[in-house]
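Chemist: Have a look at the structure that comes next, please.
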Amino acid sequence: MSLERFVGSIEKIAHPVSRFFNFGGVGFLCILMLLVMAHVIGRYIITFPIPGSVELIEFLMILVVFLGLAECAVHRGNVSVDLFVEQLPKRVQAVIDAFTCLCSVGIVSLITWQSAVQVKLLWESGHVSGVLHIPHWPFAVVMVFGWAAFSLVLVAHFFEYLGRALRK
Amino acid sequence: MNPFVIGLIFIGILLILLFLRMPVGLAMALIGFIGFAFITNLGGAYGQLRIVPMSIAANYDLCVIPLFMLMGSLAYHSGLSHDLYCGAYKCVGDLPGGLAIATILGCCGFAAVCGSTLATAATMGMVALPEMKKYNYDPALATGTVSSGGSLGILIPPSSIFIIYGILTEQSISRLFISGIFPGILLASLFITVICVQVKINPKLGPPSERIPFIEKLRAIKYMWPVLTLFLVIMSGLYMGVFTATEAAGVGAFGALLAGLIKKRFTRQNLIAALLETMRSTAMIFVVVIGAMIFGYFLTASRFTTELANFIAGFNLSRYVIFAGIIAVYMILGCLMDTLAMVILTVPIFYPLIVKMGFDPIWFGVVMVLVTEMGVITPPVGMNVYVVHGIAKDVPMFTIFRGAMPFFIMMMLCVVLLTIFPQITTFLPNLMGG
Amino acid sequence: PVSAAEKPIELSLNHLFPEVSWFHKNAVLPWKNLVEQKSKGRLKVNIYPSGALAKSTTMYDAVKAGAADIVLDAGPYYIGRFPMSEGTQIPLLGAKSSWVASRAWMDLYDEFPELRKEYADVKLLWLFSQGPGQLFTRKPVKKMEEVKGLIVRAPGGIGDIMKALGASPVSMPSSESYLALSKGTIDATVFPGEAIATYKLYEATKYVTMSNLYVQWFFVAMNKEKYNSLPKDLQKVIDECSGTVGTDIVGKAWNDADKVGFELGKQKGMEFIYLSPEEQKRWEQQVAPLANEWIKSMEAKGYPAKKFVDAMRKAIEKYNKQLAGK
Ligand code: NA
Ligand code: NA
């Protein structure tokens, strides 16, 4: 019972955060589409290429990709191979899911941590974009938040599976 | 320890995790990380974890993924698929088996703006199955047509699997797209042929609908123009080297938005639904690609693929025998796995082998897409069959698999044709020059 | 002599050129062989071409972390990270070949601690330059006025040079320039001479303006811990194979490749336009503000930029004389 409540309280944080990030990502996706369109028009129709459009597109991609990670996990949208586990009894399925989910939490947390290290390294290195001289590190910060929210969602899933495995 | 053995062990562990239902991208990242640490050092493995995700996401070329996804989503939510079917129905509906042929044509059309097999099968199923039921089509033929026709979704460009293949192998995505056009048309013609043959043998399978006057047939163009225009703009731009793939995708997404707005198809709800769907599939694909890259670096560091190539070369077999072996592996995996998972898992292993044997990488990409697509209609895991079963709940799964069988044979025939006449694939991209 | 039980220490060398490239065959392989031979087989260099272990633009991070032991990548991908090194990219300083520029930079590397400090995270083996960039055009360009208005493929900082000369730069992958040039999507592109053979440029265009526009800097770096973990005598082997030894291997290879490119271009009927000394001076004056700007902004940050550029000009002059015919 208390485990379920625990899952509920993690989800109470994780889900709104994921949704919020995802809506941010939607906004950047629209900007991305318009920017690519403007880039094409600028290049071919009025022969006035937008300066730095390629690097802006790349920065927007970081925002779109990493802001969507958590929401995708909330909807269990990540590809997996269902065939074998599906045939097993529900209890066994829950045990297996808890185990693989723990593995997932492990790797995603490691990536979150290393992304945070990357922020520090990028900050120290002074790496900037070629034309507009925009620093790279703020985008790495967004990446850290994206992975962190992803791992939070996975933690909630893990306890949920654990609850199912332990249920009498 | 021998790197080959290390590689083999870690691939084994990866397969176990995959069959335990761990998300493919995360499983590959995990095994890639542990394997890299094992072979080189922990610091280097941590390095890959922090370098790969950002360098994959911040990549101008990979921007094609969200943009083509967006184009497909917008096309779907604005009801373009329904229009296409209506148009095709007007043209060929009054022939014997005409509705099935119209379904294949509709799939072709939708495939030209959508990069996903499932979406193609699902949307066409939604509009075509009720019609075919109305005219007393044989359920096996009807459902078999829809589930197989969906596979045109990734053979005809744009195509998510071509994009992934292009990324993993550093082949030009534009060229891959262009090279998929003729094989896609070939496969569609084979599908139509097999429908005609079946109906010829047993006319009760697909009775014709009432006659449609010629003038009505001409009006069909009204339904087709947005998709045709979009496809022509994108492909001719890619072909002439005017667009990069990313630019084409941007134009496509914007064009789909424009077409939907002109036809007044968008509401706030379905526009947001299209955007959310795009975000979700983008995140899904990037997790998979990031995982595949981390795993790929491990395979490279272990020199597994090099050793595998030497090992196989040691047998002195004809390269076509080895090619047939690879195709067989794909067919077996196709029975068990999702297309994307399969491509991500196998390309880093097989691709170096294929190149070393002197096969054309673009040609192999097309053949591989075709072979992996057979998997969506083979039991026990046939995603398109599941989807169609979801739409036509009264048709037993077995019937759908049976109905898809003739189409499966046509796909095999298509692989054989592409192998004997690689020009079908390479002709157009070679004309592009460069 | 190596005892049967002693296994060689393996080093991974990750570089950005494809396995089929002349660079792989004529620059990377000879260096590998030199190292293996000098170490009497106790070092084994495994080459990973085409960035197989870490992509271009991430290689410096990868070698720092230890994902690769040695990397070879282009410096200009790392904007803002090597401010002093970026000074080597000042256009039209007159280096006549890859070898000349590379040797000049190695002199600077020994002279300026500020430059050495930029590579403090790694064990820098050597710096080198690609062959001087020339202008490939669809119409002949003999004067600066004819550059005006051309759409030129020129990546990154080279774009600024082209802008200063009056052209409008666009950036696209080098592999796509053949198609874009032959279809007329762009009017011109910049490349070193070897590209004539590598990208079959003679099929796409006919005119080359020999202007030695720019040079591009590359670094070869080794993971510090890996270097420190080697026995002293093997460290010495690495030392003896880097610095000017490495520079000479790559510089010579690039010179040869450029020559092959120019020869092939001549055979295929390309027209090579050499700028007159006065015209060359005009181009140099036109882009001079770029150098002054760089010096000014760097001096403001406390770098000895003026001294650096002067030393570079002097070194280039010296090696232009020494290595001219080679
Ligand atoms: Na498609
Ligand atoms: Na299957």
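Here, A, B, ... name the chains of the structure tokens in the order displayed, residue numbers run from 1 inside each chain, and ligands are numbered from 1 in the same displayed order.
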Would you pick out the contacts of stretch 142-157 of chain C at 10 Å or less, using only C-alpha atoms, so that residues sharing its chain but fewer than 3 positions from it are not included, and give the list as a PyMOL selection string?
Modeler: (chain A and resi 47+52+129-131) or (chain C and resi 76-77+79+86+89-91+135-139+160-174+176-177+180-181+184-191+208-211+214+216+273-276+279-280+282-283+286)
Chemist: Counting only C-alpha atoms and all ligand atoms, name the residues that have an atom within 10 Å of an atom of ligand 2; the answer should be given as an mmCIF file with all heavy atoms, in the first residue's frame.
Modeler:
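Saved the output as selection-v1.cif:
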```cif
data_model
loop_
_atom_site.group_PDB
_atom_site.id
_atom_site.type_symbol
_atom_site.label_atom_id
_atom_site.label_comp_id
_atom_site.auth_asym_id
_atom_site.auth_seq_id
_atom_site.Cartn_x
_atom_site.Cartn_y
_atom_site.Cartn_z
ATOM 1 N N MET B 331 15.398 -12.609 -41.906
ATOM 2 C CA MET B 331 14.051 -13.182 -41.930
ATOM 3 C C MET B 331 13.723 -13.824 -40.591
ATOM 4 O O MET B 331 12.597 -13.694 -40.094
ATOM 5 C CB MET B 331 13.947 -14.201 -43.035
ATOM 6 C CG MET B 331 13.876 -13.550 -44.389
ATOM 7 S SD MET B 331 13.522 -14.822 -45.568
ATOM 8 C CE MET B 331 13.053 -13.885 -46.942
ATOM 9 N N ILE B 332 14.708 -14.510 -40.011
ATOM 10 C CA ILE B 332 14.464 -15.148 -38.716
ATOM 11 C C ILE B 332 14.214 -14.087 -37.650
ATOM 12 O O ILE B 332 13.234 -14.144 -36.907
ATOM 13 C CB ILE B 332 15.657 -16.045 -38.316
ATOM 14 C CG1 ILE B 332 15.779 -17.194 -39.316
ATOM 15 C CG2 ILE B 332 15.477 -16.577 -36.910
ATOM 16 C CD1 ILE B 332 17.093 -17.937 -39.231
ATOM 17 N N LEU B 333 15.118 -13.083 -37.613
ATOM 18 C CA LEU B 333 14.932 -12.012 -36.632
ATOM 19 C C LEU B 333 13.601 -11.307 -36.862
ATOM 20 O O LEU B 333 12.924 -10.900 -35.918
ATOM 21 C CB LEU B 333 16.070 -11.000 -36.732
ATOM 22 C CG LEU B 333 17.418 -11.413 -36.155
ATOM 23 C CD1 LEU B 333 18.434 -10.318 -36.375
ATOM 24 C CD2 LEU B 333 17.296 -11.720 -34.678
ATOM 25 N N GLY B 334 13.238 -11.192 -38.143
ATOM 26 C CA GLY B 334 11.997 -10.503 -38.499
ATOM 27 C C GLY B 334 10.776 -11.172 -37.907
ATOM 28 O O GLY B 334 9.769 -10.526 -37.647
ATOM 29 N N CYS B 335 10.866 -12.477 -37.712
ATOM 30 C CA CYS B 335 9.745 -13.180 -37.088
ATOM 31 C C CYS B 335 9.597 -12.760 -35.633
ATOM 32 O O CYS B 335 8.510 -12.812 -35.075
ATOM 33 C CB CYS B 335 9.953 -14.692 -37.163
ATOM 34 S SG CYS B 335 9.795 -15.310 -38.833
ATOM 35 N N LEU B 336 10.702 -12.347 -35.001
ATOM 36 C CA LEU B 336 10.702 -12.149 -33.555
ATOM 37 C C LEU B 336 10.710 -10.695 -33.130
ATOM 38 O O LEU B 336 10.367 -10.375 -32.005
ATOM 39 C CB LEU B 336 11.932 -12.827 -32.941
ATOM 40 C CG LEU B 336 12.179 -14.269 -33.361
ATOM 41 C CD1 LEU B 336 13.492 -14.754 -32.806
ATOM 42 C CD2 LEU B 336 11.044 -15.149 -32.875
ATOM 43 N N MET B 337 11.159 -9.804 -34.004
ATOM 44 C CA MET B 337 11.494 -8.463 -33.539
ATOM 45 C C MET B 337 10.811 -7.385 -34.344
ATOM 46 O O MET B 337 10.441 -7.573 -35.482
ATOM 47 C CB MET B 337 12.998 -8.236 -33.714
ATOM 48 C CG MET B 337 13.815 -8.577 -32.539
ATOM 49 S SD MET B 337 15.444 -7.926 -32.867
ATOM 50 C CE MET B 337 16.314 -8.603 -31.512
ATOM 51 N N ASP B 338 10.766 -6.237 -33.741
ATOM 52 C CA ASP B 338 10.301 -5.022 -34.389
ATOM 53 C C ASP B 338 11.360 -4.561 -35.404
ATOM 54 O O ASP B 338 12.549 -4.766 -35.214
ATOM 55 C CB ASP B 338 10.103 -3.986 -33.279
ATOM 56 C CG ASP B 338 9.887 -2.616 -33.827
ATOM 57 O OD1 ASP B 338 8.813 -2.406 -34.385
ATOM 58 O OD2 ASP B 338 10.790 -1.781 -33.691
ATOM 59 N N THR B 339 10.905 -3.955 -36.503
ATOM 60 C CA THR B 339 11.811 -3.546 -37.574
ATOM 61 C C THR B 339 12.941 -2.644 -37.095
ATOM 62 O O THR B 339 14.120 -2.887 -37.364
ATOM 63 C CB THR B 339 11.030 -2.767 -38.653
ATOM 64 O OG1 THR B 339 9.904 -3.530 -39.012
ATOM 65 C CG2 THR B 339 11.877 -2.523 -39.859
ATOM 66 N N THR B 372 13.590 -6.509 -43.903
ATOM 67 C CA THR B 372 13.086 -6.292 -42.544
ATOM 68 C C THR B 372 11.578 -6.060 -42.579
ATOM 69 O O THR B 372 10.880 -6.418 -41.650
ATOM 70 C CB THR B 372 13.746 -5.076 -41.873
ATOM 71 O OG1 THR B 372 13.611 -3.963 -42.746
ATOM 72 C CG2 THR B 372 15.199 -5.310 -41.595
ATOM 73 N N GLU B 373 11.096 -5.504 -43.697
ATOM 74 C CA GLU B 373 9.666 -5.239 -43.791
ATOM 75 C C GLU B 373 8.844 -6.509 -43.942
ATOM 76 O O GLU B 373 7.654 -6.520 -43.680
ATOM 77 C CB GLU B 373 9.376 -4.287 -44.942
ATOM 78 C CG GLU B 373 9.514 -2.857 -44.545
ATOM 79 C CD GLU B 373 8.762 -2.549 -43.270
ATOM 80 O OE1 GLU B 373 7.580 -2.260 -43.357
ATOM 81 O OE2 GLU B 373 9.362 -2.638 -42.181
ATOM 82 N N MET B 374 9.498 -7.580 -44.407
ATOM 83 C CA MET B 374 8.762 -8.846 -44.441
ATOM 84 C C MET B 374 8.349 -9.229 -43.025
ATOM 85 O O MET B 374 7.306 -9.843 -42.811
ATOM 86 C CB MET B 374 9.646 -9.951 -44.998
ATOM 87 C CG MET B 374 9.983 -9.764 -46.442
ATOM 88 S SD MET B 374 11.007 -11.147 -46.903
ATOM 89 C CE MET B 374 11.441 -10.664 -48.527
ATOM 90 N N GLY B 375 9.202 -8.846 -42.056
ATOM 91 C CA GLY B 375 8.941 -9.197 -40.668
ATOM 92 C C GLY B 375 7.613 -8.659 -40.149
ATOM 93 O O GLY B 375 7.041 -9.232 -39.231
ATOM 94 N N VAL B 376 7.104 -7.578 -40.721
ATOM 95 C CA VAL B 376 5.868 -7.008 -40.164
ATOM 96 C C VAL B 376 4.645 -7.833 -40.519
ATOM 97 O O VAL B 376 3.567 -7.604 -39.984
ATOM 98 C CB VAL B 376 5.635 -5.534 -40.596
ATOM 99 C CG1 VAL B 376 6.781 -4.661 -40.147
ATOM 100 C CG2 VAL B 376 5.405 -5.422 -42.089
ATOM 101 N N ILE B 377 4.802 -8.817 -41.440
ATOM 102 C CA ILE B 377 3.646 -9.662 -41.765
ATOM 103 C C ILE B 377 3.905 -11.141 -41.505
ATOM 104 O O ILE B 377 3.136 -11.988 -41.922
ATOM 105 C CB ILE B 377 3.181 -9.466 -43.231
ATOM 106 C CG1 ILE B 377 4.356 -9.611 -44.178
ATOM 107 C CG2 ILE B 377 2.494 -8.133 -43.407
ATOM 108 C CD1 ILE B 377 3.934 -9.698 -45.638
ATOM 109 N N THR B 378 5.039 -11.461 -40.828
ATOM 110 C CA THR B 378 5.275 -12.870 -40.525
ATOM 111 C C THR B 378 4.980 -13.146 -39.054
ATOM 112 O O THR B 378 5.258 -12.319 -38.199
ATOM 113 C CB THR B 378 6.736 -13.269 -40.798
ATOM 114 O OG1 THR B 378 7.612 -12.396 -40.089
ATOM 115 C CG2 THR B 378 7.044 -13.221 -42.278
ATOM 116 N N PRO B 379 4.405 -14.326 -38.758
ATOM 117 C CA PRO B 379 4.149 -14.692 -37.369
ATOM 118 C C PRO B 379 5.450 -15.086 -36.676
ATOM 119 O O PRO B 379 6.392 -15.422 -37.372
ATOM 120 C CB PRO B 379 3.221 -15.902 -37.500
ATOM 121 C CG PRO B 379 3.509 -16.471 -38.860
ATOM 122 C CD PRO B 379 3.930 -15.335 -39.708
ATOM 123 N N PRO B 380 5.544 -15.069 -35.374
ATOM 124 C CA PRO B 380 4.474 -14.664 -34.444
ATOM 125 C C PRO B 380 4.402 -13.155 -34.221
ATOM 126 O O PRO B 380 3.335 -12.664 -33.884
ATOM 127 C CB PRO B 380 4.867 -15.365 -33.151
ATOM 128 C CG PRO B 380 6.346 -15.517 -33.231
ATOM 129 C CD PRO B 380 6.691 -15.665 -34.673
ATOM 130 N N VAL B 381 5.542 -12.438 -34.376
ATOM 131 C CA VAL B 381 5.468 -10.996 -34.156
ATOM 132 C C VAL B 381 5.369 -10.301 -35.499
ATOM 133 O O VAL B 381 6.348 -10.161 -36.212
ATOM 134 C CB VAL B 381 6.712 -10.475 -33.403
ATOM 135 C CG1 VAL B 381 6.605 -8.970 -33.213
ATOM 136 C CG2 VAL B 381 6.841 -11.164 -32.071
ATOM 137 N N GLY B 382 4.182 -9.905 -35.882
ATOM 138 C CA GLY B 382 4.011 -9.175 -37.134
ATOM 139 C C GLY B 382 3.231 -7.917 -36.827
ATOM 140 O O GLY B 382 2.006 -7.915 -36.747
ATOM 141 N N MET B 383 3.957 -6.844 -36.643
ATOM 142 C CA MET B 383 3.341 -5.623 -36.124
ATOM 143 C C MET B 383 2.139 -5.170 -36.953
ATOM 144 O O MET B 383 1.097 -4.821 -36.407
ATOM 145 C CB MET B 383 4.374 -4.488 -36.065
ATOM 146 C CG MET B 383 5.416 -4.655 -34.984
ATOM 147 S SD MET B 383 4.737 -5.122 -33.389
ATOM 148 C CE MET B 383 3.937 -3.589 -32.931
ATOM 149 N N ASN B 384 2.280 -5.191 -38.283
ATOM 150 C CA ASN B 384 1.173 -4.724 -39.112
ATOM 151 C C ASN B 384 -0.056 -5.608 -38.954
ATOM 152 O O ASN B 384 -1.193 -5.129 -38.965
ATOM 153 C CB ASN B 384 1.587 -4.696 -40.580
ATOM 154 C CG ASN B 384 2.368 -3.447 -40.932
ATOM 155 O OD1 ASN B 384 2.820 -2.747 -40.026
ATOM 156 N ND2 ASN B 384 2.519 -3.171 -42.206
ATOM 157 N N VAL B 385 0.179 -6.903 -38.804
ATOM 158 C CA VAL B 385 -0.936 -7.825 -38.612
ATOM 159 C C VAL B 385 -1.645 -7.501 -37.299
ATOM 160 O O VAL B 385 -2.878 -7.478 -37.238
ATOM 161 C CB VAL B 385 -0.425 -9.275 -38.635
ATOM 162 C CG1 VAL B 385 -1.538 -10.234 -38.249
ATOM 163 C CG2 VAL B 385 0.128 -9.607 -40.008
ATOM 164 N N PHE B 401 -2.630 -13.487 -41.245
ATOM 165 C CA PHE B 401 -1.328 -14.032 -41.633
ATOM 166 C C PHE B 401 -1.450 -14.809 -42.944
ATOM 167 O O PHE B 401 -0.597 -14.721 -43.815
ATOM 168 C CB PHE B 401 -0.758 -14.934 -40.531
ATOM 169 C CG PHE B 401 -0.095 -14.171 -39.409
ATOM 170 C CD1 PHE B 401 -0.499 -14.341 -38.099
ATOM 171 C CD2 PHE B 401 0.943 -13.288 -39.683
ATOM 172 C CE1 PHE B 401 0.108 -13.640 -37.066
ATOM 173 C CE2 PHE B 401 1.553 -12.585 -38.643
ATOM 174 C CZ PHE B 401 1.142 -12.759 -37.341
#
```
Chemist: Can you list, as a ChimeraX atom specification, all residues belonging to stretch 90-168 of chain A that DSSP tags as helix (DSSP H, G or I)?
Modeler: /A:90-125,137-166
Chemist: Give the residue list for ligand 1 at 6 Å, counting only C-alpha atoms and all ligand atoms, as a list of chain:residue names, sorted by chain and then by residue number.
Modeler: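 Result of the 6 Å neighbour search around ligand 1: B:Ala111, B:Ala112, B:Val113, B:Cys114, B:Gly115, B:Gly153, B:Ile154, B:Ile156, B:Pro157, B:Pro158, B:Ser159.
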Chemist: So which residues touch A:Ala116 within 9 Å, counting only C-alpha atoms, skipping near sequence neighbours fewer than 2 positions away, as a PDB file with all heavy atoms, in the first residue's frame?
Modeler:
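Result went into selection-v2.pdb, see below:
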```
ATOM      1  N   ILE A 111      24.120   8.368 -17.543  1.00  0.00           N
ATOM      2  CA  ILE A 111      24.173   9.366 -18.615  1.00  0.00           C
ATOM      3  C   ILE A 111      23.859  10.752 -18.048  1.00  0.00           C
ATOM      4  O   ILE A 111      24.497  11.743 -18.406  1.00  0.00           O
ATOM      5  CB  ILE A 111      23.200   8.998 -19.761  1.00  0.00           C
ATOM      6  CG1 ILE A 111      23.629   7.681 -20.414  1.00  0.00           C
ATOM      7  CG2 ILE A 111      23.163  10.093 -20.815  1.00  0.00           C
ATOM      8  CD1 ILE A 111      22.724   7.198 -21.520  1.00  0.00           C
ATOM      9  N   THR A 112      22.867  10.809 -17.119  1.00  0.00           N
ATOM     10  CA  THR A 112      22.536  12.100 -16.500  1.00  0.00           C
ATOM     11  C   THR A 112      23.767  12.688 -15.819  1.00  0.00           C
ATOM     12  O   THR A 112      24.118  13.854 -16.022  1.00  0.00           O
ATOM     13  CB  THR A 112      21.426  11.920 -15.441  1.00  0.00           C
ATOM     14  OG1 THR A 112      20.371  11.154 -16.009  1.00  0.00           O
ATOM     15  CG2 THR A 112      20.893  13.258 -14.985  1.00  0.00           C
ATOM     16  N   TRP A 113      24.421  11.848 -15.027  1.00  0.00           N
ATOM     17  CA  TRP A 113      25.604  12.296 -14.292  1.00  0.00           C
ATOM     18  C   TRP A 113      26.696  12.758 -15.259  1.00  0.00           C
ATOM     19  O   TRP A 113      27.270  13.846 -15.103  1.00  0.00           O
ATOM     20  CB  TRP A 113      26.092  11.145 -13.399  1.00  0.00           C
ATOM     21  CG  TRP A 113      27.435  11.364 -12.802  1.00  0.00           C
ATOM     22  CD1 TRP A 113      27.881  12.521 -12.217  1.00  0.00           C
ATOM     23  CD2 TRP A 113      28.507  10.423 -12.747  1.00  0.00           C
ATOM     24  NE1 TRP A 113      29.179  12.343 -11.803  1.00  0.00           N
ATOM     25  CE2 TRP A 113      29.583  11.078 -12.109  1.00  0.00           C
ATOM     26  CE3 TRP A 113      28.658   9.105 -13.158  1.00  0.00           C
ATOM     27  CZ2 TRP A 113      30.809  10.433 -11.888  1.00  0.00           C
ATOM     28  CZ3 TRP A 113      29.866   8.469 -12.928  1.00  0.00           C
ATOM     29  CH2 TRP A 113      30.929   9.129 -12.301  1.00  0.00           C
ATOM     30  N   GLN A 114      26.964  11.966 -16.284  1.00  0.00           N
ATOM     31  CA  GLN A 114      28.019  12.331 -17.226  1.00  0.00           C
ATOM     32  C   GLN A 114      27.646  13.583 -18.023  1.00  0.00           C
ATOM     33  O   GLN A 114      28.523  14.363 -18.385  1.00  0.00           O
ATOM     34  CB  GLN A 114      28.320  11.168 -18.171  1.00  0.00           C
ATOM     35  CG  GLN A 114      29.127  10.061 -17.514  1.00  0.00           C
ATOM     36  CD  GLN A 114      30.417  10.582 -16.887  1.00  0.00           C
ATOM     37  OE1 GLN A 114      31.123  11.384 -17.468  1.00  0.00           O
ATOM     38  NE2 GLN A 114      30.700  10.136 -15.673  1.00  0.00           N
ATOM     39  N   GLN A 118      29.646  16.964 -18.448  1.00  0.00           N
ATOM     40  CA  GLN A 118      29.849  17.601 -19.757  1.00  0.00           C
ATOM     41  C   GLN A 118      29.578  19.111 -19.677  1.00  0.00           C
ATOM     42  O   GLN A 118      30.277  19.894 -20.314  1.00  0.00           O
ATOM     43  CB  GLN A 118      28.937  16.931 -20.803  1.00  0.00           C
ATOM     44  CG  GLN A 118      29.111  17.443 -22.217  1.00  0.00           C
ATOM     45  CD  GLN A 118      30.408  16.965 -22.851  1.00  0.00           C
ATOM     46  OE1 GLN A 118      31.259  16.389 -22.187  1.00  0.00           O
ATOM     47  NE2 GLN A 118      30.568  17.219 -24.125  1.00  0.00           N
ATOM     48  N   VAL A 119      28.558  19.481 -18.893  1.00  0.00           N
ATOM     49  CA  VAL A 119      28.273  20.913 -18.720  1.00  0.00           C
ATOM     50  C   VAL A 119      29.517  21.610 -18.197  1.00  0.00           C
ATOM     51  O   VAL A 119      29.952  22.640 -18.723  1.00  0.00           O
ATOM     52  CB  VAL A 119      27.099  21.139 -17.748  1.00  0.00           C
ATOM     53  CG1 VAL A 119      26.927  22.624 -17.458  1.00  0.00           C
ATOM     54  CG2 VAL A 119      25.813  20.572 -18.312  1.00  0.00           C
ATOM     55  N   LYS A 120      30.100  21.032 -17.161  1.00  0.00           N
ATOM     56  CA  LYS A 120      31.287  21.618 -16.543  1.00  0.00           C
ATOM     57  C   LYS A 120      32.428  21.708 -17.563  1.00  0.00           C
ATOM     58  O   LYS A 120      33.071  22.751 -17.715  1.00  0.00           O
ATOM     59  CB  LYS A 120      31.699  20.750 -15.350  1.00  0.00           C
ATOM     60  CG  LYS A 120      32.941  21.216 -14.643  1.00  0.00           C
ATOM     61  CD  LYS A 120      33.187  20.382 -13.377  1.00  0.00           C
ATOM     62  CE  LYS A 120      34.629  20.477 -12.917  1.00  0.00           C
ATOM     63  NZ  LYS A 120      35.513  19.503 -13.561  1.00  0.00           N
ATOM     64  N   LEU A 121      32.645  20.625 -18.306  1.00  0.00           N
ATOM     65  CA  LEU A 121      33.752  20.608 -19.266  1.00  0.00           C
ATOM     66  C   LEU A 121      33.537  21.632 -20.378  1.00  0.00           C
ATOM     67  O   LEU A 121      34.476  22.328 -20.772  1.00  0.00           O
ATOM     68  CB  LEU A 121      33.908  19.208 -19.871  1.00  0.00           C
ATOM     69  CG  LEU A 121      34.370  18.127 -18.897  1.00  0.00           C
ATOM     70  CD1 LEU A 121      34.430  16.780 -19.583  1.00  0.00           C
ATOM     71  CD2 LEU A 121      35.736  18.477 -18.317  1.00  0.00           C
ATOM     72  N   ALA A 140      23.739  21.956 -22.954  1.00  0.00           N
ATOM     73  CA  ALA A 140      24.053  20.750 -22.187  1.00  0.00           C
ATOM     74  C   ALA A 140      23.261  20.741 -20.878  1.00  0.00           C
ATOM     75  O   ALA A 140      22.877  19.684 -20.383  1.00  0.00           O
ATOM     76  CB  ALA A 140      25.556  20.676 -21.914  1.00  0.00           C
ATOM     77  N   VAL A 141      22.994  21.928 -20.323  1.00  0.00           N
ATOM     78  CA  VAL A 141      22.189  21.997 -19.093  1.00  0.00           C
ATOM     79  C   VAL A 141      20.788  21.439 -19.374  1.00  0.00           C
ATOM     80  O   VAL A 141      20.259  20.623 -18.604  1.00  0.00           O
ATOM     81  CB  VAL A 141      22.090  23.454 -18.567  1.00  0.00           C
ATOM     82  CG1 VAL A 141      21.095  23.540 -17.416  1.00  0.00           C
ATOM     83  CG2 VAL A 141      23.451  23.954 -18.131  1.00  0.00           C
ATOM     84  N   MET A 143      20.049  19.344 -21.599  1.00  0.00           N
ATOM     85  CA  MET A 143      20.214  17.900 -21.767  1.00  0.00           C
ATOM     86  C   MET A 143      20.198  17.202 -20.403  1.00  0.00           C
ATOM     87  O   MET A 143      19.546  16.163 -20.233  1.00  0.00           O
ATOM     88  CB  MET A 143      21.522  17.633 -22.506  1.00  0.00           C
ATOM     89  CG  MET A 143      21.881  16.187 -22.643  1.00  0.00           C
ATOM     90  SD  MET A 143      23.260  15.946 -23.771  1.00  0.00           S
ATOM     91  CE  MET A 143      24.648  16.369 -22.733  1.00  0.00           C
ATOM     92  N   VAL A 144      20.899  17.764 -19.429  1.00  0.00           N
ATOM     93  CA  VAL A 144      20.927  17.165 -18.085  1.00  0.00           C
ATOM     94  C   VAL A 144      19.511  17.073 -17.526  1.00  0.00           C
ATOM     95  O   VAL A 144      19.099  16.038 -17.018  1.00  0.00           O
ATOM     96  CB  VAL A 144      21.810  17.996 -17.130  1.00  0.00           C
ATOM     97  CG1 VAL A 144      21.752  17.417 -15.726  1.00  0.00           C
ATOM     98  CG2 VAL A 144      23.235  18.041 -17.623  1.00  0.00           C
TER      99      VAL A 144
ATOM    100  N   ARG B  50      28.988  10.806 -22.190  1.00  0.00           N
ATOM    101  CA  ARG B  50      28.689  12.242 -22.172  1.00  0.00           C
ATOM    102  C   ARG B  50      28.873  12.878 -23.541  1.00  0.00           C
ATOM    103  O   ARG B  50      28.300  13.920 -23.809  1.00  0.00           O
ATOM    104  CB  ARG B  50      29.509  12.960 -21.100  1.00  0.00           C
ATOM    105  CG  ARG B  50      30.997  12.939 -21.287  1.00  0.00           C
ATOM    106  CD  ARG B  50      31.687  13.789 -20.204  1.00  0.00           C
ATOM    107  NE  ARG B  50      33.113  13.696 -20.379  1.00  0.00           N
ATOM    108  CZ  ARG B  50      33.899  12.911 -19.660  1.00  0.00           C
ATOM    109  NH1 ARG B  50      33.400  12.147 -18.722  1.00  0.00           N
ATOM    110  NH2 ARG B  50      35.196  12.885 -19.893  1.00  0.00           N
TER     111      ARG B  50
END
```
Chemist: If you count only C-alpha atoms, which residues fall within 12 Å of C:Leu323, apart from same-chain ones fewer than 2 positions away, as a PyMOL selection string?
Modeler: chain C and resi 95-104+248+251-252+255+315-321+325-326
Chemist: Would you work out the distance separating atom CA of B:Leu8 from atom CA of C:Ala52, expressed in Å to one decimal?
Modeler: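 Atom-to-atom, atom CA of B:Leu8 and atom CA of C:Ala52 are spaced 19.5 Å apart.
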Chemist: Could you work out which residues of chain B fall inside 6 Å of chain C? Count only C-alpha atoms, and format the result as a list in words.
Modeler: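 Every residue meeting the condition is included here: Gly43, Gly44, Gly47, Tyr297 and Gly434 of chain B.
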